[in-house]
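Novice: Supplied structure: my_file.cif, mmCIF, C-alpha atoms.
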data_model
loop_
_atom_site.label_atom_id
_atom_site.label_comp_id
_atom_site.auth_asym_id
_atom_site.auth_seq_id
_atom_site.Cartn_x
_atom_site.Cartn_y
_atom_site.Cartn_z
CA LEU X 1 -47.80 35.72 -22.66
CA SER X 2 -47.86 32.13 -21.40
CA ASP X 3 -45.03 31.22 -23.79
CA VAL X 4 -42.90 34.05 -22.44
CA ILE X 5 -43.55 33.00 -18.85
CA GLN X 6 -42.75 29.38 -19.73
CA LYS X 7 -39.45 30.39 -21.37
CA MET X 8 -38.51 32.58 -18.41
CA THR X 9 -39.33 29.75 -16.00
CA SER X 10 -37.21 27.31 -18.00
CA ALA X 11 -34.32 29.77 -18.09
CA LEU X 12 -34.51 30.32 -14.33
CA LEU X 13 -34.64 26.59 -13.65
CA SER X 14 -31.64 25.97 -15.92
CA SER X 15 -29.65 28.72 -14.19
CA ALA X 16 -30.54 27.30 -10.78
CA LEU X 17 -29.50 23.81 -11.88
CA VAL X 18 -26.13 25.04 -13.19
CA LEU X 19 -25.55 26.93 -9.94
CA CYS X 20 -26.41 23.89 -7.81
CA LEU X 21 -24.12 21.63 -9.83
CA GLY X 22 -21.34 24.15 -9.47
CA LEU X 23 -21.77 24.18 -5.72
CA VAL X 24 -22.04 20.41 -5.37
CA SER X 25 -19.17 19.57 -7.75
CA PRO X 26 -16.82 22.55 -7.74
CA ASP X 27 -13.64 22.55 -9.80
CA CYS X 28 -11.16 22.40 -6.93
CA SER X 29 -8.21 22.74 -9.30
CA ASN X 30 -9.39 26.34 -9.87
CA SER X 31 -8.37 28.66 -7.03
CA VAL X 32 -11.27 31.05 -7.79
CA ASP X 33 -13.79 28.20 -7.56
CA ARG X 34 -12.27 27.07 -4.24
CA LYS X 35 -12.81 30.48 -2.67
CA ARG X 36 -16.30 30.84 -4.17
CA THR X 37 -17.72 27.54 -2.90
CA GLY X 38 -15.70 26.85 0.21
CA LEU X 39 -16.34 23.11 -0.40
CA CYS X 40 -12.81 22.13 -1.48
CA LYS X 41 -10.18 20.70 0.83
CA PRO X 42 -6.52 19.69 0.43
CA CYS X 43 -6.14 16.25 -1.20
CA LYS X 44 -4.16 14.92 1.75
CA GLU X 45 -7.24 15.37 3.97
CA LEU X 46 -9.39 13.01 1.87
CA PRO X 47 -10.27 9.59 3.33
CA GLU X 48 -8.15 6.66 2.20
CA HIS X 49 -10.80 5.19 -0.14
CA LEU X 50 -10.64 8.34 -2.28
CA LEU X 51 -6.87 8.10 -2.70
CA ASP X 52 -4.64 6.05 -4.99
CA CYS X 53 -1.65 5.16 -2.81
CA ASP X 54 1.61 3.38 -3.58
CA ASP X 55 2.59 0.21 -1.76
CA VAL X 56 4.67 0.62 1.37
CA LEU X 57 8.36 1.16 0.56
CA ASP X 58 10.49 -1.84 1.55
CA LEU X 59 13.92 -0.76 2.83
CA SER X 60 14.62 -3.99 4.70
CA GLY X 61 17.28 -5.05 2.16
CA GLU X 62 19.33 -1.90 2.76
CA ASN X 63 21.88 -1.24 5.49
CA LYS X 64 20.81 0.55 8.67
CA THR X 65 22.60 3.81 7.80
CA TYR X 66 20.81 4.09 4.47
CA GLN X 67 17.47 3.24 6.08
CA ASP X 68 17.85 5.94 8.74
CA GLU X 69 18.99 8.59 6.25
CA TYR X 70 16.22 7.81 3.75
CA ILE X 71 13.44 7.88 6.33
CA LYS X 72 14.82 11.08 7.87
CA GLU X 73 14.98 12.79 4.47
CA HIS X 74 11.75 11.50 2.90
CA GLY X 75 9.56 10.72 5.90
CA TYR X 76 8.49 7.20 4.95
CA GLY X 77 9.78 3.64 4.44
CA CYS X 78 9.91 0.28 6.22
CA LYS X 79 13.08 -0.88 7.97
CA LYS X 80 11.54 -4.32 8.51
CA MET X 81 8.70 -6.06 6.72
CA GLY X 82 6.10 -8.19 8.47
CA GLY X 83 6.07 -9.67 11.94
CA GLU X 84 4.54 -12.58 13.82
CA GLY X 85 2.18 -10.45 15.90
CA HIS X 86 0.41 -7.13 15.41
CA GLU X 87 2.71 -5.43 17.87
CA GLU X 88 5.77 -6.49 15.83
CA VAL X 89 4.57 -4.90 12.59
CA ALA X 90 5.99 -1.43 11.89
CA MET X 91 3.89 1.36 10.36
CA THR X 92 4.78 3.92 7.69
CA ARG X 93 3.25 6.74 5.70
CA VAL X 94 2.83 6.22 1.95
CA VAL X 95 2.85 8.31 -1.23
CA CYS X 96 -0.67 9.02 -2.55
CA LYS X 97 -2.62 11.03 -5.08
CA SER X 98 -6.31 11.84 -5.37
CA ILE X 99 -8.49 9.56 -7.51
CA ASP X 100 -10.61 12.53 -8.60
CA THR X 101 -8.70 15.83 -8.79
CA PHE X 102 -11.98 17.80 -8.85
CA THR X 103 -12.83 16.85 -5.26
CA CYS X 104 -9.73 18.42 -3.73
CA TYR X 105 -6.75 20.60 -4.50
CA TRP X 106 -3.09 19.71 -4.34
CA GLU X 107 -0.66 21.73 -2.31
CA PRO X 108 3.11 21.23 -1.88
CA ASP X 109 4.13 19.08 1.06
CA THR X 110 5.84 21.49 3.42
CA GLU X 111 7.29 18.68 5.53
CA LYS X 112 9.04 16.57 2.89
CA ILE X 113 9.23 18.38 -0.45
CA ASN X 114 9.77 16.13 -3.48
CA ASP X 115 9.76 18.00 -6.79
CA SER X 116 9.12 14.81 -8.76
CA TRP X 117 5.69 14.51 -7.10
CA ALA X 118 4.49 17.92 -8.30
CA GLU X 119 3.68 16.83 -11.86
CA GLU X 120 1.47 13.94 -10.68
CA LYS X 121 0.11 15.91 -7.71
CA LYS X 122 1.40 13.35 -5.22
CA PHE X 123 1.83 13.85 -1.50
CA LEU X 124 2.69 12.02 1.70
CA SER X 125 -0.35 10.51 3.44
CA GLU X 126 -1.62 11.69 6.80
CA PHE X 127 -2.35 8.06 7.79
CA GLU X 128 0.04 5.13 8.19
CA LYS X 129 -0.08 1.64 6.69
CA PRO X 130 1.44 -1.56 8.09
CA CYS X 131 4.79 -2.69 6.71
CA VAL X 132 3.47 -5.93 5.23
CA ARG X 133 3.35 -7.36 1.73
CA TYR X 134 1.40 -10.33 0.39
CA THR X 135 2.58 -12.41 -2.58
CA GLY X 136 0.26 -15.42 -2.48
CA HIS X 137 1.96 -17.60 0.16
CA TYR X 138 -0.41 -19.50 2.46
CA PHE X 139 0.87 -21.03 5.70
CA GLN X 140 -1.68 -23.86 5.67
CA SER X 141 -0.83 -25.12 2.17
CA THR X 142 2.91 -24.71 2.78
CA LEU X 143 2.65 -26.78 5.97
CA ILE X 144 0.84 -29.55 4.07
CA TYR X 145 3.55 -29.50 1.38
CA SER X 146 6.22 -29.65 4.08
CA ILE X 147 4.65 -32.66 5.81
CA LEU X 148 3.80 -34.66 2.67
CA LEU X 149 6.47 -33.61 0.19
CA GLY X 150 9.11 -31.96 2.35
CA PHE X 151 11.61 -34.73 1.63
CA LEU X 152 11.64 -33.48 -1.99
CA GLY X 153 12.09 -29.84 -0.96
CA VAL X 154 8.70 -28.80 -2.30
CA ASP X 155 8.08 -26.51 0.68
CA ARG X 156 11.36 -24.68 0.08
CA PHE X 157 10.62 -24.30 -3.63
CA CYS X 158 7.18 -22.86 -2.86
CA LEU X 159 8.68 -20.27 -0.50
CA GLY X 160 11.31 -19.18 -3.02
CA TRP X 161 14.30 -20.86 -1.39
CA THR X 162 15.26 -22.58 -4.65
CA GLY X 163 18.93 -23.35 -3.89
CA ILE X 164 18.11 -24.90 -0.53
CA GLY X 165 15.20 -26.75 -2.12
CA VAL X 166 17.54 -28.40 -4.64
CA GLY X 167 19.90 -29.47 -1.87
CA LYS X 168 17.04 -30.86 0.15
CA MET X 169 15.70 -32.79 -2.84
CA LEU X 170 19.08 -34.30 -3.74
CA THR X 171 19.66 -35.50 -0.17
CA ILE X 172 16.06 -36.78 0.19
CA GLY X 173 15.35 -34.27 2.90
CA GLY X 174 18.74 -34.74 4.54
CA LEU X 175 17.83 -38.41 5.05
CA GLY X 176 14.70 -37.26 6.85
CA ILE X 177 16.41 -35.02 9.40
CA TRP X 178 16.19 -31.83 7.31
CA TRP X 179 12.61 -32.73 6.49
CA VAL X 180 11.60 -32.76 10.19
CA ILE X 181 13.66 -29.64 11.00
CA ASP X 182 11.89 -27.60 8.32
CA ILE X 183 8.47 -28.66 9.62
CA ILE X 184 9.48 -27.43 13.08
CA LEU X 185 10.91 -24.18 11.65
CA LEU X 186 7.69 -23.60 9.73
CA ILE X 187 5.43 -24.17 12.75
CA THR X 188 7.56 -21.94 15.02
CA GLY X 189 7.59 -19.09 12.47
CA ASN X 190 11.28 -19.35 11.63
CA LEU X 191 10.72 -20.42 8.02
CA THR X 192 9.00 -17.74 5.97
CA PRO X 193 8.83 -16.66 2.29
CA ASN X 194 12.16 -15.66 0.80
CA ASP X 195 10.75 -12.34 -0.45
CA ARG X 196 9.98 -11.28 3.15
CA SER X 197 6.24 -11.16 2.42
CA ASN X 198 3.59 -12.10 4.96
CA TRP X 199 1.37 -15.16 4.91
CA GLU X 200 -1.94 -14.63 3.15
CA THR X 201 -4.94 -14.75 5.48
CA LEU X 202 -7.90 -17.09 5.10
CA TYR X 203 -11.41 -15.67 5.46
#
As structure tokens - that is how I would like this structure written.

Specialist:
Amino acid sequence: LSDVIQKMTSALLSSALVLCLGLVSPDCSNSVDRKRTGLCKPCKELPEHLLDCDDVLDLSGENKTYQDEYIKEHGYGCKKMGGEGHEEVAMTRVVCKSIDTFTCYWEPDTEKINDSWAEEKKFLSEFEKPCVRYTGHYFQSTLIYSILLGFLGVDRFCLGWTGIGVGKMLTIGGLGIWWVIDIILLITGNLTPNDRSNWETLY
């Protein structure tokens, strides 16, 4: 009799464990499971740390007409990258997908439908990200290069302005004049990376 009771107890505990796991980690890709548990939510409502999002889309190299038409049609994109102050930096939505498809369910974006996103279960984010990009350029190190080696065009080479850097090197910094001008341009924020990326921050 004790063996029977023990087996029944084990079976009940196993059933309870399976039920609990099903409630805690429901299969949100299954519409029946969504209705049964009520714990699933649309993927676009997940917090940012649970999403795998693309980088902001840089449209700054395109003409204004194309920029306006693209953003109107798709709902995202940056007309201008970066900015000197926080108030100058534009914001944009980004394309995301869930890191774990079992924590949410995908639904078509009714605002901006893109059929190519359906296969990968992608969607347009509810939040916005700043239109900035970082590619490893530091203002402090560039300023040091400009002061010490600017007459050889090292600062221009580092920022990706290769053609100008060659001219500056061949003229020995424009006999010193170009050298000083670039230092001033750098300090005043008028000389920035050629790829329109932002300066990396130091922590």

Novice: Quick one: which residues end up in the PyMOL selection byres ((chain X and resi 48-51) around 7) for this structure, as JSON, numbers by chain?

Specialist: {"X": [46, 47, 52, 53, 96, 97, 98, 99]}

Novice: For the file shown, what are the residues hit by the PyMOL selection byres ((chain X and resi 132-140) around 12), laid out as an MDAnalysis selection string?

Specialist: chainID X and resid 55:60 77:86 88:92 128:131 141:147 155:160 183 186:189 191:202

Novice: Restricting the output to C-alpha atoms, write the selected residues as a compact mmCIF listing (two decimals), keeping the file's coordinate frame.

Specialist:
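Listing of part-v9.txt after writing:
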# COMPACT_ATOMS: atom_id res chain seq x y z
CA ASP X 55 2.59 0.21 -1.76
CA VAL X 56 4.67 0.62 1.37
CA LEU X 57 8.36 1.16 0.56
CA ASP X 58 10.49 -1.84 1.55
CA LEU X 59 13.92 -0.76 2.83
CA SER X 60 14.62 -3.99 4.70
CA GLY X 77 9.78 3.64 4.44
CA CYS X 78 9.91 0.28 6.22
CA LYS X 79 13.08 -0.88 7.97
CA LYS X 80 11.54 -4.32 8.51
CA MET X 81 8.70 -6.06 6.72
CA GLY X 82 6.10 -8.19 8.47
CA GLY X 83 6.07 -9.67 11.94
CA GLU X 84 4.54 -12.58 13.82
CA GLY X 85 2.18 -10.45 15.90
CA HIS X 86 0.41 -7.13 15.41
CA GLU X 88 5.77 -6.49 15.83
CA VAL X 89 4.57 -4.90 12.59
CA ALA X 90 5.99 -1.43 11.89
CA MET X 91 3.89 1.36 10.36
CA THR X 92 4.78 3.92 7.69
CA GLU X 128 0.04 5.13 8.19
CA LYS X 129 -0.08 1.64 6.69
CA PRO X 130 1.44 -1.56 8.09
CA CYS X 131 4.79 -2.69 6.71
CA SER X 141 -0.83 -25.12 2.17
CA THR X 142 2.91 -24.71 2.78
CA LEU X 143 2.65 -26.78 5.97
CA ILE X 144 0.84 -29.55 4.07
CA TYR X 145 3.55 -29.50 1.38
CA SER X 146 6.22 -29.65 4.08
CA ILE X 147 4.65 -32.66 5.81
CA ASP X 155 8.08 -26.51 0.68
CA ARG X 156 11.36 -24.68 0.08
CA PHE X 157 10.62 -24.30 -3.63
CA CYS X 158 7.18 -22.86 -2.86
CA LEU X 159 8.68 -20.27 -0.50
CA GLY X 160 11.31 -19.18 -3.02
CA ILE X 183 8.47 -28.66 9.62
CA LEU X 186 7.69 -23.60 9.73
CA ILE X 187 5.43 -24.17 12.75
CA THR X 188 7.56 -21.94 15.02
CA GLY X 189 7.59 -19.09 12.47
CA LEU X 191 10.72 -20.42 8.02
CA THR X 192 9.00 -17.74 5.97
CA PRO X 193 8.83 -16.66 2.29
CA ASN X 194 12.16 -15.66 0.80
CA ASP X 195 10.75 -12.34 -0.45
CA ARG X 196 9.98 -11.28 3.15
CA SER X 197 6.24 -11.16 2.42
CA ASN X 198 3.59 -12.10 4.96
CA TRP X 199 1.37 -15.16 4.91
CA GLU X 200 -1.94 -14.63 3.15
CA THR X 201 -4.94 -14.75 5.48
CA LEU X 202 -7.90 -17.09 5.10

Novice: Please indicate the distance in Å from atom CA of Thr65 of chain X to atom CA of Lys44 of chain X, rounded to one decimal place.

Specialist: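 Distance between the two atoms: 29.6 Å.
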
Novice: In Å, how far is it from atom CA of Val166 of chain X to atom CA of Gly153 of chain X?

Specialist: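 Between atom CA of Val166 of chain X and atom CA of Gly153 of chain X the gap is 6.7 Å.
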
Novice: Report as a list of chain:residue names all protein, DNA and RNA residues lying within 12 Å of Leu152 of chain X, evaluated on only C-alpha atoms, omitting residues in the same chain fewer than 2 positions from it.

Specialist: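 Once the adjacent positions are removed, what remains is X:Tyr145, X:Ser146, X:Ile147, X:Leu148, X:Leu149, X:Gly150, X:Val154, X:Asp155, X:Arg156, X:Phe157, X:Cys158, X:Thr162, X:Ile164, X:Gly165, X:Val166, X:Gly167, X:Lys168, X:Met169, X:Leu170, X:Thr171, X:Ile172, X:Gly173, X:Gly174, X:Leu175, X:Gly176, X:Trp178, X:Trp179, X:Asp182.
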
Novice: What does the distance between atom CA of Glu119 of chain X and atom CA of Trp106 of chain X come to in Å, to one decimal place?

Specialist: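 Atom CA of Glu119 of chain X sits 10.5 Å away from atom CA of Trp106 of chain X.
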
Novice: For the file shown, report as a short mmCIF file (atom, residue, chain, number, x, y, z; two decimals) with C-alpha atoms, in the coordinates of the input the outcome of the PyMOL selection byres ((chain X and resi 95) around 8) at residue level.

Specialist:
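Listing of result-v1.cif after writing:
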data_model
loop_
_atom_site.label_atom_id
_atom_site.label_comp_id
_atom_site.auth_asym_id
_atom_site.auth_seq_id
_atom_site.Cartn_x
_atom_site.Cartn_y
_atom_site.Cartn_z
CA CYS X 53 -1.65 5.16 -2.81
CA ASP X 54 1.61 3.38 -3.58
CA ARG X 93 3.25 6.74 5.70
CA VAL X 94 2.83 6.22 1.95
CA CYS X 96 -0.67 9.02 -2.55
CA LYS X 97 -2.62 11.03 -5.08
CA LYS X 122 1.40 13.35 -5.22
CA PHE X 123 1.83 13.85 -1.50
CA LEU X 124 2.69 12.02 1.70
CA SER X 125 -0.35 10.51 3.44
#
